[in-house]
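Coordinates as given in start_21.cif (mmCIF, C-alpha atoms):
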data_protein
#
loop_
_atom_site.group_PDB
_atom_site.id
_atom_site.type_symbol
_atom_site.label_atom_id
_atom_site.label_comp_id
_atom_site.auth_asym_id
_atom_site.auth_seq_id
_atom_site.Cartn_x
_atom_site.Cartn_y
_atom_site.Cartn_z
ATOM 1 C CA MET Q 1020 76.747 162.801 110.527
ATOM 2 C CA THR Q 1021 77.197 159.240 109.329
ATOM 3 C CA SER Q 1022 79.670 158.234 106.652
ATOM 4 C CA GLU Q 1023 76.823 157.592 104.178
ATOM 5 C CA GLU Q 1024 75.539 161.142 104.636
ATOM 6 C CA GLU Q 1025 79.064 162.530 104.235
ATOM 7 C CA GLN Q 1026 79.614 160.474 101.092
ATOM 8 C CA PHE Q 1027 76.286 161.663 99.660
ATOM 9 C CA LYS Q 1028 77.168 165.279 100.418
ATOM 10 C CA LYS Q 1029 80.639 164.998 98.819
ATOM 11 C CA ALA Q 1030 79.359 163.373 95.622
ATOM 12 C CA PRO Q 1031 78.858 165.630 92.593
ATOM 13 C CA HIS Q 1032 75.207 166.589 92.125
ATOM 14 C CA THR Q 1033 73.545 167.856 88.958
ATOM 15 C CA PHE Q 1034 70.539 169.807 87.759
ATOM 16 C CA VAL Q 1035 69.296 168.810 84.295
ATOM 17 C CA ILE Q 1036 67.160 171.591 82.829
ATOM 18 C CA ASN Q 1037 66.026 173.109 79.562
ATOM 19 C CA ARG Q 1038 66.389 176.657 78.316
ATOM 20 C CA GLY Q 1039 63.535 177.911 76.191
ATOM 21 C CA HIS Q 1040 60.977 175.775 74.384
ATOM 22 C CA VAL Q 1041 62.484 172.401 73.480
ATOM 23 C CA GLY Q 1042 59.599 170.186 72.395
ATOM 24 C CA LYS Q 1043 58.309 166.788 73.464
ATOM 25 C CA ASN Q 1044 61.259 164.609 72.366
ATOM 26 C CA VAL Q 1045 63.945 166.794 73.956
ATOM 27 C CA SER Q 1046 61.851 166.946 77.147
ATOM 28 C CA GLU Q 1047 61.919 163.167 77.206
ATOM 29 C CA LEU Q 1048 65.688 163.285 76.555
ATOM 30 C CA ILE Q 1049 65.987 165.514 79.632
ATOM 31 C CA THR Q 1050 64.069 162.939 81.677
ATOM 32 C CA ASP Q 1051 66.354 160.167 80.382
ATOM 33 C CA THR Q 1052 69.439 162.233 81.246
ATOM 34 C CA ARG Q 1053 68.125 162.713 84.771
ATOM 35 C CA ARG Q 1054 67.762 158.935 85.053
ATOM 36 C CA VAL Q 1055 71.400 158.515 84.000
ATOM 37 C CA MET Q 1056 72.545 160.943 86.687
ATOM 38 C CA GLU Q 1057 70.553 159.306 89.492
ATOM 39 C CA PRO Q 1058 70.821 159.127 92.491
ATOM 40 C CA TYR Q 1059 72.759 162.412 92.585
ATOM 41 C CA THR Q 1060 70.334 164.578 90.647
ATOM 42 C CA ALA Q 1061 67.031 166.309 91.175
ATOM 43 C CA SER Q 1062 65.030 163.816 89.122
ATOM 44 C CA LYS Q 1063 61.683 165.535 89.740
ATOM 45 C CA LEU Q 1064 62.890 169.108 89.280
ATOM 46 C CA LYS Q 1065 60.114 171.385 88.057
ATOM 47 C CA THR Q 1066 61.082 174.396 85.991
ATOM 48 C CA GLN Q 1067 58.892 177.299 85.016
ATOM 49 C CA LYS Q 1068 59.101 179.811 82.203
ATOM 50 C CA LYS Q 1069 59.919 182.587 84.647
ATOM 51 C CA ASN Q 1070 62.965 180.730 86.054
ATOM 52 C CA VAL Q 1071 66.239 182.262 84.930
ATOM 53 C CA LEU Q 1072 69.693 180.723 85.056
ATOM 54 C CA LYS Q 1073 70.579 182.814 88.097
ATOM 55 C CA ASP Q 1074 67.817 181.065 90.091
ATOM 56 C CA PHE Q 1075 69.447 177.674 89.538
ATOM 57 C CA VAL Q 1076 72.935 178.992 90.298
ATOM 58 C CA ASN Q 1077 71.745 180.609 93.552
ATOM 59 C CA ILE Q 1078 70.008 177.475 94.830
ATOM 60 C CA ALA Q 1079 72.857 175.179 93.721
ATOM 61 C CA GLY Q 1080 75.150 176.145 96.611
ATOM 62 C CA PRO Q 1081 72.859 175.172 99.509
ATOM 63 C CA LEU Q 1082 71.870 171.938 97.714
ATOM 64 C CA ASN Q 1083 75.513 170.942 96.961
ATOM 65 C CA VAL Q 1084 74.882 170.974 93.197
ATOM 66 C CA SER Q 1085 78.186 170.985 91.318
ATOM 67 C CA HIS Q 1086 77.048 170.700 87.654
ATOM 68 C CA LEU Q 1087 74.285 172.088 85.511
ATOM 69 C CA VAL Q 1088 73.269 170.229 82.335
ATOM 70 C CA MET Q 1089 71.196 172.413 80.008
ATOM 71 C CA PHE Q 1090 69.397 171.456 76.819
ATOM 72 C CA SER Q 1091 68.203 174.032 74.323
ATOM 73 C CA LYS Q 1092 66.769 173.807 70.837
ATOM 74 C CA THR Q 1093 67.062 176.113 67.851
ATOM 75 C CA GLU Q 1094 65.865 175.760 64.264
ATOM 76 C CA ILE Q 1095 69.293 174.364 63.374
ATOM 77 C CA ALA Q 1096 70.026 171.878 66.154
ATOM 78 C CA THR Q 1097 69.619 170.734 69.735
ATOM 79 C CA ASN Q 1098 72.406 171.943 72.003
ATOM 80 C CA LEU Q 1099 73.803 170.633 75.282
ATOM 81 C CA ARG Q 1100 75.663 172.787 77.777
ATOM 82 C CA LEU Q 1101 77.617 171.421 80.722
ATOM 83 C CA VAL Q 1102 78.329 174.014 83.408
ATOM 84 C CA ARG Q 1103 80.564 173.579 86.436
ATOM 85 C CA LEU Q 1104 79.075 175.553 89.307
ATOM 86 C CA PRO Q 1105 79.646 178.129 90.692
ATOM 87 C CA ARG Q 1106 82.345 179.633 88.426
ATOM 88 C CA GLY Q 1107 82.674 177.473 85.352
ATOM 89 C CA PRO Q 1108 83.936 176.324 82.917
ATOM 90 C CA THR Q 1109 81.088 175.809 80.462
ATOM 91 C CA LEU Q 1110 81.230 173.263 77.633
ATOM 92 C CA THR Q 1111 78.812 173.532 74.698
ATOM 93 C CA PHE Q 1112 77.978 170.622 72.416
ATOM 94 C CA LYS Q 1113 75.736 170.180 69.400
ATOM 95 C CA VAL Q 1114 73.550 167.071 69.689
ATOM 96 C CA HIS Q 1115 73.747 165.339 66.293
ATOM 97 C CA GLU Q 1116 71.425 162.436 67.104
ATOM 98 C CA TYR Q 1117 69.922 160.715 70.104
ATOM 99 C CA CYS Q 1118 67.848 157.697 70.994
ATOM 100 C CA LEU Q 1119 65.336 157.758 73.834
ATOM 101 C CA SER Q 1120 65.108 155.028 76.449
ATOM 102 C CA ARG Q 1121 61.554 154.161 75.413
ATOM 103 C CA ASP Q 1122 62.812 153.403 71.886
ATOM 104 C CA VAL Q 1123 65.481 151.067 73.258
ATOM 105 C CA ILE Q 1124 63.022 149.337 75.600
ATOM 106 C CA SER Q 1125 60.453 148.860 72.821
ATOM 107 C CA SER Q 1126 63.062 147.194 70.611
ATOM 108 C CA LEU Q 1127 63.977 144.614 73.278
ATOM 109 C CA LYS Q 1128 62.167 141.287 73.379
ATOM 110 C CA ARG Q 1129 62.537 141.035 77.138
ATOM 111 C CA HIS Q 1130 63.541 144.161 79.002
ATOM 112 C CA ASN Q 1131 64.913 143.947 82.512
ATOM 113 C CA MET Q 1132 64.485 147.350 84.139
ATOM 114 C CA ASP Q 1133 65.067 146.862 87.843
ATOM 115 C CA PRO Q 1134 64.207 150.055 89.766
ATOM 116 C CA LYS Q 1135 66.943 149.206 92.290
ATOM 117 C CA GLN Q 1136 69.627 149.792 89.662
ATOM 118 C CA PHE Q 1137 69.127 153.547 89.993
ATOM 119 C CA LEU Q 1138 69.933 153.527 93.718
ATOM 120 C CA HIS Q 1139 73.682 153.495 92.939
ATOM 121 C CA HIS Q 1140 75.636 155.730 90.616
ATOM 122 C CA PRO Q 1141 76.868 154.307 87.289
ATOM 123 C CA LEU Q 1142 80.380 153.170 86.474
ATOM 124 C CA MET Q 1143 81.936 155.672 84.083
ATOM 125 C CA VAL Q 1144 84.098 154.518 81.157
ATOM 126 C CA MET Q 1145 86.007 156.980 78.972
ATOM 127 C CA ASN Q 1146 87.595 156.104 75.653
ATOM 128 C CA ASN Q 1147 89.994 158.103 73.403
ATOM 129 C CA PHE Q 1148 90.226 161.166 75.665
ATOM 130 C CA SER Q 1149 94.017 161.048 75.808
ATOM 131 C CA GLY Q 1150 94.534 163.335 72.802
ATOM 132 C CA GLU Q 1151 96.606 166.477 72.580
ATOM 133 C CA GLY Q 1152 95.359 169.857 73.662
ATOM 134 C CA MET Q 1153 93.917 171.539 76.687
ATOM 135 C CA HIS Q 1154 90.360 171.158 75.381
ATOM 136 C CA MET Q 1155 90.677 167.355 75.571
ATOM 137 C CA LYS Q 1156 91.926 167.529 79.167
ATOM 138 C CA LEU Q 1157 89.131 169.955 80.039
ATOM 139 C CA MET Q 1158 86.459 167.677 78.552
ATOM 140 C CA ALA Q 1159 87.902 164.614 80.277
ATOM 141 C CA SER Q 1160 88.080 166.281 83.681
ATOM 142 C CA MET Q 1161 84.577 167.745 83.294
ATOM 143 C CA PHE Q 1162 83.069 164.342 82.477
ATOM 144 C CA GLN Q 1163 85.034 162.641 85.281
ATOM 145 C CA ASN Q 1164 83.872 165.189 87.838
ATOM 146 C CA MET Q 1165 80.197 164.751 86.928
ATOM 147 C CA PHE Q 1166 80.109 161.278 88.491
ATOM 148 C CA PRO Q 1167 81.451 160.097 91.858
ATOM 149 C CA SER Q 1168 84.805 158.363 91.827
ATOM 150 C CA ILE Q 1169 84.889 154.672 92.620
ATOM 151 C CA ASN Q 1170 87.293 153.193 95.132
ATOM 152 C CA VAL Q 1171 88.326 149.910 93.502
ATOM 153 C CA ASN Q 1172 89.215 148.307 96.837
ATOM 154 C CA LYS Q 1173 85.866 149.094 98.481
ATOM 155 C CA VAL Q 1174 83.394 148.794 95.589
ATOM 156 C CA LYS Q 1175 80.864 145.982 95.748
ATOM 157 C CA LEU Q 1176 80.566 144.490 92.277
ATOM 158 C CA GLY Q 1177 76.948 143.564 92.922
ATOM 159 C CA ALA Q 1178 76.150 147.251 93.405
ATOM 160 C CA VAL Q 1179 77.459 148.183 89.939
ATOM 161 C CA ARG Q 1180 74.435 147.725 87.714
ATOM 162 C CA ARG Q 1181 74.868 150.559 85.243
ATOM 163 C CA CYS Q 1182 77.621 151.903 83.025
ATOM 164 C CA VAL Q 1183 78.071 155.260 81.298
ATOM 165 C CA LEU Q 1184 80.349 155.378 78.265
ATOM 166 C CA PHE Q 1185 81.952 158.506 76.799
ATOM 167 C CA ASN Q 1186 83.675 157.667 73.512
ATOM 168 C CA TYR Q 1187 85.551 160.360 71.564
ATOM 169 C CA HIS Q 1188 85.959 160.014 67.778
ATOM 170 C CA PRO Q 1189 88.992 162.092 66.710
ATOM 171 C CA GLU Q 1190 88.189 161.786 62.962
ATOM 172 C CA ASP Q 1191 84.955 163.777 63.097
ATOM 173 C CA LYS Q 1192 85.434 165.218 66.638
ATOM 174 C CA THR Q 1193 82.233 163.775 68.064
ATOM 175 C CA ILE Q 1194 81.474 162.163 71.402
ATOM 176 C CA ASP Q 1195 79.235 159.166 71.945
ATOM 177 C CA PHE Q 1196 77.384 159.183 75.252
ATOM 178 C CA ARG Q 1197 75.822 155.834 76.119
ATOM 179 C CA HIS Q 1198 74.091 154.483 79.170
#
Write out the structure in this file as structure tokens.
Amino acid sequence: MTSEEEQFKKAPHTFVINRGHVGKNVSELITDTRRVMEPYTASKLKTQKKNVLKDFVNIAGPLNVSHLVMFSKTEIATNLRLVRLPRGPTLTFKVHEYCLSRDVISSLKRHNMDPKQFLHHPLMVMNNFSGEGMHMKLMASMFQNMFPSINVNKVKLGAVRRCVLFNYHPEDKTIDFRH
């Protein structure tokens, strides 16, 4: 096995799925989330109504999938669950608001979407996750482990084309997730 294959196998992989009926906009949010997680996600994953959570957990081991990102929708809100496979933990978040990539692209005068930018994983930036409590440490470690770590000495700056920002607001206890 070459070092590239080893590095690809060691990197954290994700499945981004929905649970139940979510609607057109949340389905597009799922597609956008898969784009954020590229190249270490199943970007063309097809789910069926008969699929249960156990199906994804069983297939995750042979495919080296380490995280499961699930979206669900109720009458009250859209929810996001982050699951560390195979034994947890599971973090549950309420999605207060979101903006789809097509909305951002349509607002730009000149968009520059190079398909090559999704060949490398994004640089992850975390802000305000140094607070007190085990839940803050758990959230920080869960977010850090969803993306591959970057070796500062070996990284090629030309390869870094994307950035993912997690920003915690302690006043209202919300997290901004930006790509």
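Minimum atom-to-atom distance to Q:Arg1100, evaluated using all atoms listed in the file, belongs to Q:Val1088 out of Q:Leu1082, Q:Met1161, Q:Leu1072, Q:Val1088.
Residues selected in this file by the PyMOL selection byres ((chain Q and resi 1049) around 8) comprise Val1035, Ile1036, Asn1037, Val1045, Ser1046, Glu1047, Leu1048, Thr1050, Asp1051, Thr1052, Arg1053 and Phe1090 of chain Q.
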task = Please evaluate the PyMOL selection byres ((chain Q and resi 1075) around 12) against the structure above and give the resulting residues as a PyMOL selection string.
result = chain Q and resi 1033-1038+1061+1064-1067+1069-1074+1076-1089+1102+1104-1105
Picked residues, the PyMOL selection byres ((chain Q and resi 1136) around 12), expected as a PDB file with C-alpha atoms, keeping the file's coordinate frame:
ATOM      1  CA  ARG Q1054      67.762 158.935  85.053  1.00  0.00           C
ATOM      2  CA  VAL Q1055      71.400 158.515  84.000  1.00  0.00           C
ATOM      3  CA  MET Q1056      72.545 160.943  86.687  1.00  0.00           C
ATOM      4  CA  GLU Q1057      70.553 159.306  89.492  1.00  0.00           C
ATOM      5  CA  PRO Q1058      70.821 159.127  92.491  1.00  0.00           C
ATOM      6  CA  ASN Q1131      64.913 143.947  82.512  1.00  0.00           C
ATOM      7  CA  MET Q1132      64.485 147.350  84.139  1.00  0.00           C
ATOM      8  CA  ASP Q1133      65.067 146.862  87.843  1.00  0.00           C
ATOM      9  CA  PRO Q1134      64.207 150.055  89.766  1.00  0.00           C
ATOM     10  CA  LYS Q1135      66.943 149.206  92.290  1.00  0.00           C
ATOM     11  CA  PHE Q1137      69.127 153.547  89.993  1.00  0.00           C
ATOM     12  CA  LEU Q1138      69.933 153.527  93.718  1.00  0.00           C
ATOM     13  CA  HIS Q1139      73.682 153.495  92.939  1.00  0.00           C
ATOM     14  CA  HIS Q1140      75.636 155.730  90.616  1.00  0.00           C
ATOM     15  CA  PRO Q1141      76.868 154.307  87.289  1.00  0.00           C
ATOM     16  CA  LEU Q1142      80.380 153.170  86.474  1.00  0.00           C
ATOM     17  CA  GLY Q1177      76.948 143.564  92.922  1.00  0.00           C
ATOM     18  CA  ALA Q1178      76.150 147.251  93.405  1.00  0.00           C
ATOM     19  CA  VAL Q1179      77.459 148.183  89.939  1.00  0.00           C
ATOM     20  CA  ARG Q1180      74.435 147.725  87.714  1.00  0.00           C
ATOM     21  CA  ARG Q1181      74.868 150.559  85.243  1.00  0.00           C
ATOM     22  CA  CYS Q1182      77.621 151.903  83.025  1.00  0.00           C
TER      23      CYS Q1182
END
inquiry  = Rounded to one decimal, what separation in Å do you get between atom CA of Q:Gly1150 and atom CA of Q:Asn1186?
reply    = 12.3 Å
key: Pairwise distance for atom CA of Q:Lys1192 and atom CA of Q:Ile1124, rounded to one decimal in Å   = 28.9 Å
request  = Just give me the gap between atom CA of Q:Phe1148 and atom CA of Q:Gly1107 in Å, one decimal is fine.
outcome  = 20.4 Å
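Each of Q:Arg1103, Q:Lys1043, Q:Arg1129, Q:His1188 was compared to Q:Pro1031 using all atoms listed in the file, and Q:Arg1103 turns out to be the nearest.
Distances to Q:Thr1111 were evaluated for Q:Leu1099, Q:Ser1022, Q:Pro1167, Q:Asn1172 using all atoms listed in the file, and the minimum falls at Q:Leu1099.
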inquiry  = With distances taken over all atoms listed in the file, which residue among Q:Gln1026, Q:Ser1091, Q:Ser1160, Q:Asn1044 lies nearest Q:Arg1121?
reply    = Q:Asn1044
Spatial neighbours of Q:Met1158, 9 Å, all atoms listed in the file, chain gap at least 4 places, as a list of chain:residue names = Q:Leu1110, Q:Phe1148, Q:Met1153, Q:His1154, Q:Phe1162, Q:Gln1163
note = In terms of only C-alpha atoms, the residue from Q:Lys1068, Q:His1198, Q:Leu1101, Q:Asn1147 at minimal distance from Q:Ser1120 is Q:His1198
task = Could you please give me, as a list in words, the residues of protein, DNA or RNA lying at most 12 Å from (66.4, 172.9, 63.8) in the coordinate frame of the file, considering only C-alpha atoms?
result = Val1041, Gly1042, Ser1091, Lys1092, Thr1093, Glu1094, Ile1095, Ala1096, Thr1097, Asn1098, Lys1113, Val1114 and His1115 of chain Q
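Taking only C-alpha atoms into account, Q:Met1165 lies nearest to Q:Met1143 out of the set Q:Glu1151, Q:Met1143, Q:Lys1063, Q:Phe1196.
Using only C-alpha atoms, the protein and nucleic acid residues lying at most 8 Å from the point (86.2, 153.0, 74.9) are Q:Val1144, Q:Met1145, Q:Asn1146, Q:Asn1147, Q:Leu1184, Q:Phe1185, Q:Asn1186.
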Rebuild stretch 1091-1102 of chain Q so that it carries all heavy atoms, then output the result as a PDB file, in the coordinates of the input.
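Output below, filename selection06.pdb:
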ATOM      1  N   SER Q1091      68.950 172.994  75.026  1.00  0.00           N
ATOM      2  CA  SER Q1091      68.203 174.032  74.323  1.00  0.00           C
ATOM      3  C   SER Q1091      68.039 173.602  72.874  1.00  0.00           C
ATOM      4  O   SER Q1091      68.784 172.756  72.378  1.00  0.00           O
ATOM      5  CB  SER Q1091      68.931 175.381  74.407  1.00  0.00           C
ATOM      6  OG  SER Q1091      70.194 175.300  73.793  1.00  0.00           O
ATOM      7  N   LYS Q1092      67.052 174.195  72.216  1.00  0.00           N
ATOM      8  CA  LYS Q1092      66.769 173.807  70.837  1.00  0.00           C
ATOM      9  C   LYS Q1092      66.578 175.056  69.996  1.00  0.00           C
ATOM     10  O   LYS Q1092      65.881 175.982  70.394  1.00  0.00           O
ATOM     11  CB  LYS Q1092      65.513 172.932  70.800  1.00  0.00           C
ATOM     12  CG  LYS Q1092      65.261 172.317  69.458  1.00  0.00           C
ATOM     13  CD  LYS Q1092      64.119 171.323  69.537  1.00  0.00           C
ATOM     14  CE  LYS Q1092      63.918 170.706  68.175  1.00  0.00           C
ATOM     15  NZ  LYS Q1092      62.834 169.736  68.179  1.00  0.00           N
ATOM     16  N   THR Q1093      67.242 175.051  68.833  1.00  0.00           N
ATOM     17  CA  THR Q1093      67.062 176.113  67.851  1.00  0.00           C
ATOM     18  C   THR Q1093      66.510 175.493  66.574  1.00  0.00           C
ATOM     19  O   THR Q1093      66.283 174.281  66.514  1.00  0.00           O
ATOM     20  CB  THR Q1093      68.403 176.817  67.556  1.00  0.00           C
ATOM     21  OG1 THR Q1093      69.302 175.874  66.974  1.00  0.00           O
ATOM     22  CG2 THR Q1093      69.018 177.396  68.814  1.00  0.00           C
ATOM     23  N   GLU Q1094      66.325 176.310  65.545  1.00  0.00           N
ATOM     24  CA  GLU Q1094      65.865 175.760  64.264  1.00  0.00           C
ATOM     25  C   GLU Q1094      66.925 174.853  63.652  1.00  0.00           C
ATOM     26  O   GLU Q1094      66.621 173.931  62.910  1.00  0.00           O
ATOM     27  CB  GLU Q1094      65.554 176.883  63.266  1.00  0.00           C
ATOM     28  CG  GLU Q1094      64.405 177.774  63.650  1.00  0.00           C
ATOM     29  CD  GLU Q1094      64.858 178.997  64.433  1.00  0.00           C
ATOM     30  OE1 GLU Q1094      66.036 179.396  64.322  1.00  0.00           O
ATOM     31  OE2 GLU Q1094      64.022 179.535  65.174  1.00  0.00           O
ATOM     32  N   ILE Q1095      68.185 175.106  63.986  1.00  0.00           N
ATOM     33  CA  ILE Q1095      69.293 174.364  63.374  1.00  0.00           C
ATOM     34  C   ILE Q1095      69.550 173.047  64.098  1.00  0.00           C
ATOM     35  O   ILE Q1095      69.697 172.007  63.466  1.00  0.00           O
ATOM     36  CB  ILE Q1095      70.574 175.231  63.378  1.00  0.00           C
ATOM     37  CG1 ILE Q1095      70.334 176.515  62.590  1.00  0.00           C
ATOM     38  CG2 ILE Q1095      71.748 174.465  62.811  1.00  0.00           C
ATOM     39  CD1 ILE Q1095      71.392 177.560  62.779  1.00  0.00           C
ATOM     40  N   ALA Q1096      69.625 173.081  65.423  1.00  0.00           N
ATOM     41  CA  ALA Q1096      70.026 171.878  66.154  1.00  0.00           C
ATOM     42  C   ALA Q1096      69.605 171.950  67.617  1.00  0.00           C
ATOM     43  O   ALA Q1096      69.197 172.995  68.119  1.00  0.00           O
ATOM     44  CB  ALA Q1096      71.544 171.709  66.082  1.00  0.00           C
ATOM     45  N   THR Q1097      69.763 170.816  68.285  1.00  0.00           N
ATOM     46  CA  THR Q1097      69.619 170.734  69.735  1.00  0.00           C
ATOM     47  C   THR Q1097      71.007 170.876  70.345  1.00  0.00           C
ATOM     48  O   THR Q1097      71.962 170.274  69.862  1.00  0.00           O
ATOM     49  CB  THR Q1097      69.012 169.373  70.133  1.00  0.00           C
ATOM     50  OG1 THR Q1097      67.754 169.220  69.479  1.00  0.00           O
ATOM     51  CG2 THR Q1097      68.816 169.276  71.618  1.00  0.00           C
ATOM     52  N   ASN Q1098      71.115 171.677  71.380  1.00  0.00           N
ATOM     53  CA  ASN Q1098      72.406 171.943  72.003  1.00  0.00           C
ATOM     54  C   ASN Q1098      72.404 171.456  73.450  1.00  0.00           C
ATOM     55  O   ASN Q1098      71.376 171.444  74.114  1.00  0.00           O
ATOM     56  CB  ASN Q1098      72.723 173.440  71.970  1.00  0.00           C
ATOM     57  CG  ASN Q1098      72.839 173.948  70.559  1.00  0.00           C
ATOM     58  OD1 ASN Q1098      73.556 173.388  69.744  1.00  0.00           O
ATOM     59  ND2 ASN Q1098      72.105 175.010  70.248  1.00  0.00           N
ATOM     60  N   LEU Q1099      73.589 171.087  73.913  1.00  0.00           N
ATOM     61  CA  LEU Q1099      73.803 170.633  75.282  1.00  0.00           C
ATOM     62  C   LEU Q1099      74.914 171.477  75.880  1.00  0.00           C
ATOM     63  O   LEU Q1099      75.974 171.631  75.273  1.00  0.00           O
ATOM     64  CB  LEU Q1099      74.199 169.150  75.292  1.00  0.00           C
ATOM     65  CG  LEU Q1099      74.773 168.580  76.579  1.00  0.00           C
ATOM     66  CD1 LEU Q1099      73.681 168.487  77.638  1.00  0.00           C
ATOM     67  CD2 LEU Q1099      75.373 167.218  76.330  1.00  0.00           C
ATOM     68  N   ARG Q1100      74.651 172.015  77.060  1.00  0.00           N
ATOM     69  CA  ARG Q1100      75.663 172.787  77.777  1.00  0.00           C
ATOM     70  C   ARG Q1100      75.932 172.139  79.113  1.00  0.00           C
ATOM     71  O   ARG Q1100      74.999 171.839  79.850  1.00  0.00           O
ATOM     72  CB  ARG Q1100      75.161 174.204  78.025  1.00  0.00           C
ATOM     73  CG  ARG Q1100      75.707 175.167  77.068  1.00  0.00           C
ATOM     74  CD  ARG Q1100      75.413 176.582  77.490  1.00  0.00           C
ATOM     75  NE  ARG Q1100      75.397 177.337  76.260  1.00  0.00           N
ATOM     76  CZ  ARG Q1100      74.589 178.316  75.979  1.00  0.00           C
ATOM     77  NH1 ARG Q1100      73.721 178.711  76.877  1.00  0.00           N
ATOM     78  NH2 ARG Q1100      74.646 178.910  74.840  1.00  0.00           N
ATOM     79  N   LEU Q1101      77.200 171.936  79.424  1.00  0.00           N
ATOM     80  CA  LEU Q1101      77.617 171.421  80.722  1.00  0.00           C
ATOM     81  C   LEU Q1101      78.301 172.556  81.466  1.00  0.00           C
ATOM     82  O   LEU Q1101      79.288 173.109  80.981  1.00  0.00           O
ATOM     83  CB  LEU Q1101      78.590 170.255  80.564  1.00  0.00           C
ATOM     84  CG  LEU Q1101      78.094 169.048  79.782  1.00  0.00           C
ATOM     85  CD1 LEU Q1101      79.214 168.038  79.634  1.00  0.00           C
ATOM     86  CD2 LEU Q1101      76.914 168.426  80.466  1.00  0.00           C
ATOM     87  N   VAL Q1102      77.807 172.887  82.630  1.00  0.00           N
ATOM     88  CA  VAL Q1102      78.329 174.014  83.408  1.00  0.00           C
ATOM     89  C   VAL Q1102      78.819 173.494  84.745  1.00  0.00           C
ATOM     90  O   VAL Q1102      78.104 172.775  85.444  1.00  0.00           O
ATOM     91  CB  VAL Q1102      77.233 175.084  83.634  1.00  0.00           C
ATOM     92  CG1 VAL Q1102      77.778 176.255  84.430  1.00  0.00           C
ATOM     93  CG2 VAL Q1102      76.654 175.549  82.323  1.00  0.00           C
TER      94      VAL Q1102
END
